[in-house]
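Shown next: run01.cif, containing mmCIF, C-alpha atoms.
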data_work
loop_
_atom_site.label_atom_id
_atom_site.label_comp_id
_atom_site.auth_asym_id
_atom_site.auth_seq_id
_atom_site.Cartn_x
_atom_site.Cartn_y
_atom_site.Cartn_z
CA MET G 1 -12.93 8.65 162.48
CA LYS G 2 -13.34 7.09 165.92
CA VAL G 3 -10.33 9.01 167.26
CA ALA G 4 -11.68 12.27 165.86
CA ALA G 5 -15.09 11.60 167.40
CA LEU G 6 -13.53 10.95 170.81
CA LEU G 7 -11.55 14.17 170.60
CA LEU G 8 -14.64 16.17 169.67
CA LEU G 9 -16.60 14.69 172.56
CA GLY G 10 -13.79 14.80 175.09
CA ALA G 11 -12.82 18.36 174.26
CA ALA G 12 -16.16 19.44 175.67
CA ALA G 13 -15.19 18.67 179.26
CA CYS G 14 -11.72 17.25 179.77
CA VAL G 15 -9.61 17.77 182.87
CA PRO G 16 -8.27 21.34 182.85
CA ALA G 17 -4.58 21.37 182.06
CA VAL G 18 -2.17 22.75 184.65
CA ALA G 19 0.75 22.78 182.25
CA HIS G 20 3.41 24.11 184.59
CA GLY G 21 5.28 23.30 187.76
CA PRO G 22 5.14 25.24 191.03
CA ARG G 23 8.07 27.48 190.06
CA VAL G 24 7.18 30.40 187.75
CA GLU G 25 9.73 31.08 185.02
CA PRO G 26 9.83 34.60 183.50
CA GLY G 27 8.71 35.39 179.97
CA PHE G 28 6.90 33.49 177.23
CA SER G 29 6.72 29.70 177.12
CA PHE G 30 5.11 27.11 174.89
CA GLY G 31 4.79 23.34 174.84
CA ALA G 32 2.36 20.45 174.65
CA SER G 33 0.64 17.96 176.95
CA ALA G 34 -0.77 14.50 176.29
CA SER G 35 -2.29 11.82 178.49
CA VAL G 36 -3.92 8.41 178.25
CA LEU G 37 -6.63 6.76 180.32
CA ALA G 38 -5.04 3.98 182.39
CA ARG G 39 -7.97 2.86 184.59
CA ALA G 40 -11.52 4.09 185.05
CA LYS G 41 -14.91 3.32 186.56
CA HIS G 42 -17.74 5.56 185.44
CA GLN G 43 -21.16 5.57 183.83
CA THR G 44 -20.93 8.78 181.87
CA SER G 45 -20.24 9.36 178.20
CA TYR G 46 -16.96 10.30 176.53
CA ALA G 47 -17.59 14.00 177.16
CA ASN G 48 -16.56 14.13 180.80
CA PRO G 49 -13.39 14.62 182.86
CA PHE G 50 -13.15 10.92 183.74
CA VAL G 51 -12.12 9.99 180.20
CA LEU G 52 -9.93 12.70 178.68
CA GLY G 53 -7.05 14.27 180.57
CA PRO G 54 -4.73 17.13 179.58
CA LEU G 55 -4.26 17.17 175.82
CA GLY G 56 -3.18 20.00 173.54
CA LEU G 57 -0.84 22.92 172.96
CA ASP G 58 0.21 24.99 175.98
CA LEU G 59 1.07 28.69 176.01
CA GLY G 60 2.05 30.91 178.92
CA TYR G 61 3.70 34.08 180.16
CA GLY G 62 5.27 34.40 183.60
CA TRP G 63 6.55 37.04 185.98
CA SER G 64 8.91 35.37 188.44
CA GLY G 65 8.84 36.25 192.12
CA THR G 66 11.47 36.39 194.84
CA GLU G 67 11.81 35.11 198.39
CA THR G 68 9.45 37.84 199.54
CA THR G 69 7.29 38.66 196.49
CA PRO G 70 4.88 36.41 194.54
CA GLY G 71 5.22 35.26 190.95
CA VAL G 72 2.38 35.14 188.43
CA ARG G 73 1.79 32.98 185.35
CA LEU G 74 -0.98 33.37 182.77
CA GLY G 75 -1.51 30.34 180.56
CA ALA G 76 -3.90 28.55 178.24
CA GLU G 77 -4.29 25.19 176.53
CA MET G 78 -5.68 24.71 173.01
CA LEU G 79 -6.69 21.43 171.38
CA PHE G 80 -5.70 21.97 167.73
CA PRO G 81 -7.61 22.35 165.40
CA LEU G 82 -10.65 22.80 167.69
CA LEU G 83 -9.03 25.63 169.67
CA PRO G 84 -11.22 25.73 172.78
CA PHE G 85 -9.80 28.34 175.14
CA ASP G 86 -8.82 26.71 178.45
CA PRO G 87 -7.21 29.45 180.58
CA ASP G 88 -5.06 29.04 183.68
CA VAL G 89 -4.01 31.72 186.19
CA TYR G 90 -1.39 30.80 188.81
CA VAL G 91 0.19 32.79 191.64
CA GLN G 92 3.42 31.44 193.15
CA LEU G 93 3.75 32.26 196.83
CA PRO G 94 7.02 33.80 198.08
CA SER G 95 9.50 30.99 198.71
CA LYS G 96 10.29 32.37 202.17
CA MET G 97 6.73 31.49 203.23
CA LEU G 98 7.31 27.87 202.15
CA LEU G 99 10.74 27.39 203.76
CA GLY G 100 12.54 27.28 200.44
CA ALA G 101 10.06 25.04 198.61
CA GLN G 102 7.84 26.23 195.75
CA GLY G 103 4.07 26.40 195.74
CA GLY G 104 1.07 28.50 195.00
CA ILE G 105 -2.60 28.68 194.14
CA GLY G 106 -4.43 29.03 190.85
CA ILE G 107 -7.60 28.50 188.90
CA ALA G 108 -7.93 26.65 185.60
CA ALA G 109 -10.92 26.22 183.32
CA THR G 110 -12.08 24.00 180.51
CA GLU G 111 -14.01 25.47 177.58
CA PHE G 112 -14.15 28.78 179.43
CA PRO G 113 -16.50 30.00 180.80
CA ILE G 114 -19.31 27.45 180.48
CA ALA G 115 -17.93 23.96 181.11
CA GLY G 116 -15.93 23.91 184.32
CA LEU G 117 -13.66 25.72 186.76
CA MET G 118 -10.95 24.14 188.90
CA PRO G 119 -9.31 26.03 191.77
CA TYR G 120 -6.07 24.27 192.69
CA ALA G 121 -2.91 24.38 194.78
CA GLN G 122 0.62 23.27 193.88
CA TYR G 123 3.55 22.36 196.09
CA GLY G 124 6.94 20.88 195.38
CA VAL G 125 10.69 21.20 195.43
CA VAL G 126 12.02 22.33 192.05
CA GLY G 127 15.58 23.63 192.03
CA SER G 128 17.22 26.33 189.94
CA ASN G 129 18.11 23.54 187.48
CA ARG G 130 14.31 23.20 186.94
CA THR G 131 14.31 19.59 188.20
CA GLY G 132 12.17 18.12 190.96
CA PHE G 133 8.92 16.58 192.18
CA TYR G 134 5.64 18.40 192.80
CA ALA G 135 1.93 17.78 193.37
CA THR G 136 -1.21 19.55 192.19
CA GLN G 137 -4.53 19.26 194.05
CA GLY G 138 -7.72 20.77 192.66
CA TYR G 139 -11.50 20.59 192.77
CA LEU G 140 -13.30 20.62 189.42
CA HIS G 141 -16.82 22.04 189.32
CA GLN G 142 -18.59 21.76 186.01
CA GLY G 143 -21.02 24.48 185.09
CA ARG G 144 -23.26 22.33 182.94
CA ALA G 145 -24.66 18.80 183.00
CA GLU G 146 -22.95 15.94 181.22
CA ARG G 147 -24.74 12.87 179.93
CA ILE G 148 -25.06 9.21 180.79
CA GLY G 149 -24.93 7.46 177.43
CA PHE G 150 -26.24 9.83 174.78
CA SER G 151 -29.79 10.46 176.00
CA LEU G 152 -30.05 10.70 179.80
CA PRO G 153 -28.93 14.04 181.27
CA ALA G 154 -26.70 13.67 184.31
CA ALA G 155 -25.73 15.86 187.24
CA HIS G 156 -22.52 17.83 187.12
CA ASP G 157 -19.48 15.58 187.28
CA ASP G 158 -17.73 17.46 190.09
CA ALA G 159 -14.49 15.81 191.13
CA TRP G 160 -11.26 16.07 193.11
CA VAL G 161 -8.29 16.10 190.73
CA SER G 162 -4.97 14.96 192.19
CA THR G 163 -1.70 14.98 190.22
CA VAL G 164 1.85 13.96 191.10
CA ALA G 165 4.60 14.88 188.65
CA TYR G 166 8.34 14.92 188.06
CA GLN G 167 10.09 17.40 185.79
CA TRP G 168 13.63 17.66 184.55
CA GLU G 169 15.60 19.81 182.11
CA ARG G 170 17.22 18.16 179.12
CA GLY G 171 18.38 20.41 176.32
CA LEU G 172 16.09 23.42 175.93
CA PRO G 173 12.79 21.84 177.04
CA VAL G 174 11.65 20.99 180.51
CA TRP G 175 10.12 17.50 180.34
CA ARG G 176 7.37 16.26 182.66
CA VAL G 177 5.74 12.96 183.45
CA PHE G 178 2.61 12.84 185.60
CA ALA G 179 -0.17 10.68 187.00
CA THR G 180 -3.61 12.21 187.55
CA GLY G 181 -6.44 10.73 189.59
CA VAL G 182 -9.98 12.06 189.15
CA PHE G 183 -12.38 11.15 191.99
CA GLY G 184 -16.02 12.12 191.45
CA ARG G 185 -18.89 12.53 193.86
CA ARG G 186 -21.92 10.24 193.94
CA PHE G 187 -24.94 11.18 191.91
CA SER G 188 -27.95 12.65 193.65
CA ASP G 189 -31.43 11.09 193.53
CA ASN G 190 -32.27 12.81 190.27
CA CYS G 191 -29.32 13.02 187.93
CA GLY G 192 -31.14 15.00 185.29
CA ASP G 193 -34.32 16.79 184.37
CA VAL G 194 -36.12 13.55 183.49
CA GLY G 195 -36.62 12.49 187.13
CA VAL G 196 -34.65 9.23 186.92
CA SER G 197 -32.86 8.10 190.11
CA CYS G 198 -29.12 7.64 189.72
CA ARG G 199 -28.14 7.12 193.37
CA SER G 200 -27.34 3.44 192.70
CA LEU G 201 -24.62 4.35 190.20
CA PRO G 202 -21.07 3.83 191.54
CA ARG G 203 -18.84 6.76 192.40
CA PRO G 204 -16.88 7.61 189.21
CA TRP G 205 -13.10 7.68 189.18
CA SER G 206 -10.22 7.42 186.72
CA LEU G 207 -6.43 7.32 186.54
CA MET G 208 -4.55 9.04 183.73
CA LEU G 209 -0.88 8.91 182.83
CA GLY G 210 0.79 11.53 180.71
CA GLY G 211 3.74 13.63 179.73
CA ALA G 212 4.51 17.17 178.62
CA PHE G 213 7.29 19.48 177.54
CA GLU G 214 7.73 23.22 177.97
CA ILE G 215 10.20 25.62 176.36
CA ASP G 216 10.89 29.01 177.93
CA ILE G 217 11.77 31.59 175.27
CA ARG G 218 14.00 33.70 177.53
CA HIS G 219 15.91 30.63 178.76
CA SER G 220 16.35 29.39 175.19
CA LEU G 221 17.74 32.72 173.98
CA ALA G 222 20.18 32.89 176.88
CA ALA G 223 21.38 29.33 176.19
CA ASN G 224 22.09 30.16 172.54
CA ARG G 225 24.24 33.22 173.30
#
Would you kindly transcribe this structure into structure tokens?
Amino acid sequence: MKVAALLLLGAAACVPAVAHGPRVEPGFSFGASASVLARAKHQTSYANPFVLGPLGLDLGYGWSGTETTPGVRLGAEMLFPLLPFDPDVYVQLPSKMLLGAQGGIGIAATEFPIAGLMPYAQYGVVGSNRTGFYATQGYLHQGRAERIGFSLPAAHDDAWVSTVAYQWERGLPVWRVFATGVFGRRFSDNCGDVGVSCRSLPRPWSLMLGGAFEIDIRHSLAANR
């Protein structure tokens, strides 16, 4: 029951999942992400991005680019059986612009469109064997107030979200391990509509560790021929 309660609360405003690397693969893909809270310092309740990281089923469709044309990936994460729709749109920049590396810009959301939006950038070196390191940097702006405890309304938990990851191909899936840091801003004088000062509260932050896998349908079909 406690685990279910945490999932229900955390699903309201977890860190948006960027369930892909900087290199867009063509066609449909599916997979899953999971993460655990390693360290944290915050005053807010379970329903905030400092507690629950990427968690759920990942779906996507990509159009790969070339050295001179961009690639595009449309994706979404769903936390079964709750099924909140957390969309992600990513545009890979032409590799010629990045001197052979891979990178791009995107925007992800959590509980679209009311909870939060996170514009982000990715950069890394992922080879044709789908193996390599990359980083994701984003700024999460929440569109509604979270709570301190279960009674005091709080200001939006805006935060920088920084992820470093490594991916490799083994069998059909691409496997990923990642570390995500979430660094929030300080609260303003009034952190809610009750006029209570929250400036003395410490700046919230957390560190999450996780893993994911992704299977590209087109790649899987080609491997089985």
- Item | Straight-line distance linking CA of Glu77 (chain G) with CA of Pro204 (chain G), stated in Å to one decimal | 25.1 Å
For the file shown, what are the residues hit by the PyMOL selection byres ((chain G and resi 176) around 12), laid out as a PDB file with C-alpha atoms, in the frame of the given file?
ATOM      1  CA  VAL G  18      -2.170  22.750 184.650  1.00  0.00           C
ATOM      2  CA  ALA G  19       0.750  22.780 182.250  1.00  0.00           C
ATOM      3  CA  HIS G  20       3.410  24.110 184.590  1.00  0.00           C
ATOM      4  CA  GLY G  21       5.280  23.300 187.760  1.00  0.00           C
ATOM      5  CA  GLY G  31       4.790  23.340 174.840  1.00  0.00           C
ATOM      6  CA  ALA G  32       2.360  20.450 174.650  1.00  0.00           C
ATOM      7  CA  SER G  33       0.640  17.960 176.950  1.00  0.00           C
ATOM      8  CA  ALA G  34      -0.770  14.500 176.290  1.00  0.00           C
ATOM      9  CA  SER G  35      -2.290  11.820 178.490  1.00  0.00           C
ATOM     10  CA  ARG G 130      14.310  23.200 186.940  1.00  0.00           C
ATOM     11  CA  THR G 131      14.310  19.590 188.200  1.00  0.00           C
ATOM     12  CA  GLY G 132      12.170  18.120 190.960  1.00  0.00           C
ATOM     13  CA  PHE G 133       8.920  16.580 192.180  1.00  0.00           C
ATOM     14  CA  TYR G 134       5.640  18.400 192.800  1.00  0.00           C
ATOM     15  CA  THR G 163      -1.700  14.980 190.220  1.00  0.00           C
ATOM     16  CA  VAL G 164       1.850  13.960 191.100  1.00  0.00           C
ATOM     17  CA  ALA G 165       4.600  14.880 188.650  1.00  0.00           C
ATOM     18  CA  TYR G 166       8.340  14.920 188.060  1.00  0.00           C
ATOM     19  CA  GLN G 167      10.090  17.400 185.790  1.00  0.00           C
ATOM     20  CA  TRP G 168      13.630  17.660 184.550  1.00  0.00           C
ATOM     21  CA  GLU G 169      15.600  19.810 182.110  1.00  0.00           C
ATOM     22  CA  ARG G 170      17.220  18.160 179.120  1.00  0.00           C
ATOM     23  CA  PRO G 173      12.790  21.840 177.040  1.00  0.00           C
ATOM     24  CA  VAL G 174      11.650  20.990 180.510  1.00  0.00           C
ATOM     25  CA  TRP G 175      10.120  17.500 180.340  1.00  0.00           C
ATOM     26  CA  VAL G 177       5.740  12.960 183.450  1.00  0.00           C
ATOM     27  CA  PHE G 178       2.610  12.840 185.600  1.00  0.00           C
ATOM     28  CA  ALA G 179      -0.170  10.680 187.000  1.00  0.00           C
ATOM     29  CA  LEU G 209      -0.880   8.910 182.830  1.00  0.00           C
ATOM     30  CA  GLY G 210       0.790  11.530 180.710  1.00  0.00           C
ATOM     31  CA  GLY G 211       3.740  13.630 179.730  1.00  0.00           C
ATOM     32  CA  ALA G 212       4.510  17.170 178.620  1.00  0.00           C
ATOM     33  CA  PHE G 213       7.290  19.480 177.540  1.00  0.00           C
ATOM     34  CA  GLU G 214       7.730  23.220 177.970  1.00  0.00           C
ATOM     35  CA  ILE G 215      10.200  25.620 176.360  1.00  0.00           C
TER      36      ILE G 215
END
- Item | Given all atoms listed in the file as the counted atoms, nearest of G:Val182, G:Ala121, G:Ile217, G:Leu59 to Leu93 (chain G) | G:Ala121
- Who sits within 10 Å of Leu37 (chain G), all atoms listed in the file, same chain under 3 positions skipped, as number ranges by chain: G: 40, 50-53, 180, 206-210
When the PyMOL selection byres ((chain G and resi 101-104) around 7) is applied to the file above, which residues end up in the set, as a compact mmCIF listing (two decimals) with C-alpha atoms, keeping the file's coordinate frame?
# COMPACT_ATOMS: atom_id res chain seq x y z
CA PRO G 22 5.14 25.24 191.03
CA ARG G 23 8.07 27.48 190.06
CA VAL G 91 0.19 32.79 191.64
CA GLN G 92 3.42 31.44 193.15
CA LEU G 93 3.75 32.26 196.83
CA SER G 95 9.50 30.99 198.71
CA LEU G 98 7.31 27.87 202.15
CA LEU G 99 10.74 27.39 203.76
CA GLY G 100 12.54 27.28 200.44
CA ILE G 105 -2.60 28.68 194.14
CA GLY G 106 -4.43 29.03 190.85
CA ALA G 121 -2.91 24.38 194.78
CA GLN G 122 0.62 23.27 193.88
CA TYR G 123 3.55 22.36 196.09
CA GLY G 124 6.94 20.88 195.38
CA VAL G 125 10.69 21.20 195.43
CA VAL G 126 12.02 22.33 192.05
- Message: Could you tell me how far CA of Thr66 (chain G) sits from CA of Lys96 (chain G), in Å to one decimal place?
- Response: 8.4 Å
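Of note, CA of Ala38 (chain G) and CA of Trp205 (chain G) are spaced 11.2 Å apart.
Compared by their closest atoms to Leu140 (chain G), and using all atoms listed in the file, the residues G:Tyr90, G:Phe183, G:Tyr61, G:Phe85 rank with G:Phe183 nearest.
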- Message: What would the selection look like, as a list of chain:residue names, if the PyMOL selection byres ((chain G and resi 137) around 8) were run on the coordinates I just shared?
- Response: G:Tyr120, G:Ala121, G:Gln122, G:Ala135, G:Thr136, G:Gly138, G:Tyr139, G:Trp160, G:Val161, G:Ser162, G:Thr163
May I have the residues from that selection written out with C-alpha atoms, as a PDB file, in the coordinates of the input?
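Saved to selection_35.pdb:
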ATOM      1  CA  TYR G 120      -6.070  24.270 192.690  1.00  0.00           C
ATOM      2  CA  ALA G 121      -2.910  24.380 194.780  1.00  0.00           C
ATOM      3  CA  GLN G 122       0.620  23.270 193.880  1.00  0.00           C
ATOM      4  CA  ALA G 135       1.930  17.780 193.370  1.00  0.00           C
ATOM      5  CA  THR G 136      -1.210  19.550 192.190  1.00  0.00           C
ATOM      6  CA  GLY G 138      -7.720  20.770 192.660  1.00  0.00           C
ATOM      7  CA  TYR G 139     -11.500  20.590 192.770  1.00  0.00           C
ATOM      8  CA  TRP G 160     -11.260  16.070 193.110  1.00  0.00           C
ATOM      9  CA  VAL G 161      -8.290  16.100 190.730  1.00  0.00           C
ATOM     10  CA  SER G 162      -4.970  14.960 192.190  1.00  0.00           C
ATOM     11  CA  THR G 163      -1.700  14.980 190.220  1.00  0.00           C
TER      12      THR G 163
END
- Task: Can you work out which one of G:Met97, G:Leu55, G:Ala159, G:Leu79 has the shortest atom-to-atom distance to Leu117 (chain G), counting all atoms listed in the file?
- Result: G:Ala159
Place N, CA and C atoms on region 79-110 of chain G and deliver the coordinates as an mmCIF file, in the coordinates of the input.
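See out-v4.cif below for the written result:
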data_model
loop_
_atom_site.group_PDB
_atom_site.id
_atom_site.type_symbol
_atom_site.label_atom_id
_atom_site.label_comp_id
_atom_site.auth_asym_id
_atom_site.auth_seq_id
_atom_site.Cartn_x
_atom_site.Cartn_y
_atom_site.Cartn_z
ATOM 1 N N LEU G 79 -6.676 22.731 172.031
ATOM 2 C CA LEU G 79 -6.690 21.430 171.380
ATOM 3 C C LEU G 79 -6.820 21.659 169.883
ATOM 4 N N PHE G 80 -5.699 21.688 169.169
ATOM 5 C CA PHE G 80 -5.700 21.970 167.730
ATOM 6 C C PHE G 80 -6.349 20.806 166.981
ATOM 7 N N PRO G 81 -7.230 21.052 165.969
ATOM 8 C CA PRO G 81 -7.610 22.350 165.400
ATOM 9 C C PRO G 81 -8.887 22.931 166.007
ATOM 10 N N LEU G 82 -9.384 22.356 167.120
ATOM 11 C CA LEU G 82 -10.650 22.800 167.690
ATOM 12 C C LEU G 82 -10.511 24.141 168.397
ATOM 13 N N LEU G 83 -9.359 24.361 169.020
ATOM 14 C CA LEU G 83 -9.030 25.630 169.670
ATOM 15 C C LEU G 83 -10.039 26.085 170.712
ATOM 16 N N PRO G 84 -10.483 25.214 171.633
ATOM 17 C CA PRO G 84 -11.220 25.730 172.780
ATOM 18 C C PRO G 84 -10.231 26.478 173.683
ATOM 19 N N PHE G 85 -10.680 27.518 174.318
ATOM 20 C CA PHE G 85 -9.800 28.340 175.140
ATOM 21 C C PHE G 85 -9.898 27.866 176.579
ATOM 22 N N ASP G 86 -8.857 27.214 177.079
ATOM 23 C CA ASP G 86 -8.820 26.710 178.450
ATOM 24 C C ASP G 86 -7.777 27.496 179.236
ATOM 25 N N PRO G 87 -8.172 28.577 179.906
ATOM 26 C CA PRO G 87 -7.210 29.450 180.580
ATOM 27 C C PRO G 87 -6.760 28.905 181.932
ATOM 28 N N ASP G 88 -5.627 29.425 182.395
ATOM 29 C CA ASP G 88 -5.060 29.040 183.680
ATOM 30 C C ASP G 88 -4.332 30.246 184.264
ATOM 31 N N VAL G 89 -4.677 30.618 185.490
ATOM 32 C CA VAL G 89 -4.010 31.720 186.190
ATOM 33 C C VAL G 89 -3.399 31.156 187.465
ATOM 34 N N TYR G 90 -2.112 31.384 187.671
ATOM 35 C CA TYR G 90 -1.390 30.800 188.810
ATOM 36 C C TYR G 90 -0.566 31.869 189.504
ATOM 37 N N VAL G 91 -0.604 31.874 190.831
ATOM 38 C CA VAL G 91 0.190 32.790 191.640
ATOM 39 C C VAL G 91 1.124 31.971 192.527
ATOM 40 N N GLN G 92 2.441 32.119 192.316
ATOM 41 C CA GLN G 92 3.420 31.440 193.150
ATOM 42 C C GLN G 92 3.643 32.241 194.424
ATOM 43 N N LEU G 93 3.535 31.587 195.561
ATOM 44 C CA LEU G 93 3.750 32.260 196.830
ATOM 45 C C LEU G 93 5.241 32.525 197.043
ATOM 46 N N PRO G 94 5.596 33.554 197.785
ATOM 47 C CA PRO G 94 7.020 33.800 198.080
ATOM 48 C C PRO G 94 7.665 32.575 198.715
ATOM 49 N N SER G 95 8.846 32.203 198.235
ATOM 50 C CA SER G 95 9.500 30.990 198.710
ATOM 51 C C SER G 95 9.825 31.042 200.201
ATOM 52 N N LYS G 96 9.985 32.245 200.739
ATOM 53 C CA LYS G 96 10.290 32.370 202.170
ATOM 54 C C LYS G 96 9.134 31.858 203.016
ATOM 55 N N MET G 97 7.907 31.982 202.515
ATOM 56 C CA MET G 97 6.730 31.490 203.230
ATOM 57 C C MET G 97 6.698 29.961 203.264
ATOM 58 N N LEU G 98 7.362 29.322 202.289
ATOM 59 C CA LEU G 98 7.310 27.870 202.150
ATOM 60 C C LEU G 98 8.634 27.213 202.523
ATOM 61 N N LEU G 99 9.459 27.924 203.264
ATOM 62 C CA LEU G 99 10.740 27.390 203.760
ATOM 63 C C LEU G 99 11.621 26.877 202.629
ATOM 64 N N GLY G 100 11.659 27.626 201.542
ATOM 65 C CA GLY G 100 12.540 27.280 200.440
ATOM 66 C C GLY G 100 11.914 26.402 199.384
ATOM 67 N N ALA G 101 10.746 25.836 199.623
ATOM 68 C CA ALA G 101 10.060 25.040 198.610
ATOM 69 C C ALA G 101 9.293 25.986 197.677
ATOM 70 N N GLN G 102 8.620 25.431 196.682
ATOM 71 C CA GLN G 102 7.840 26.230 195.750
ATOM 72 C C GLN G 102 6.390 25.779 195.806
ATOM 73 N N GLY G 103 5.489 26.729 195.705
ATOM 74 C CA GLY G 103 4.070 26.400 195.740
ATOM 75 C C GLY G 103 3.233 27.626 195.465
ATOM 76 N N GLY G 104 1.954 27.392 195.258
ATOM 77 C CA GLY G 104 1.070 28.500 195.000
ATOM 78 C C GLY G 104 -0.350 28.035 194.783
ATOM 79 N N ILE G 105 -1.203 28.977 194.389
ATOM 80 C CA ILE G 105 -2.600 28.680 194.140
ATOM 81 C C ILE G 105 -2.979 29.213 192.766
ATOM 82 N N GLY G 106 -4.007 28.597 192.168
ATOM 83 C CA GLY G 106 -4.430 29.030 190.850
ATOM 84 C C GLY G 106 -5.841 28.606 190.555
ATOM 85 N N ILE G 107 -6.296 28.954 189.374
ATOM 86 C CA ILE G 107 -7.600 28.500 188.900
ATOM 87 C C ILE G 107 -7.486 28.237 187.406
ATOM 88 N N ALA G 108 -7.956 27.053 187.001
ATOM 89 C CA ALA G 108 -7.930 26.650 185.600
ATOM 90 C C ALA G 108 -9.363 26.383 185.154
ATOM 91 N N ALA G 109 -9.590 26.430 183.855
ATOM 92 C CA ALA G 109 -10.920 26.220 183.320
ATOM 93 C C ALA G 109 -10.842 25.338 182.093
ATOM 94 N N THR G 110 -11.979 24.746 181.751
ATOM 95 C CA THR G 110 -12.080 24.000 180.510
ATOM 96 C C THR G 110 -13.256 24.560 179.726
#
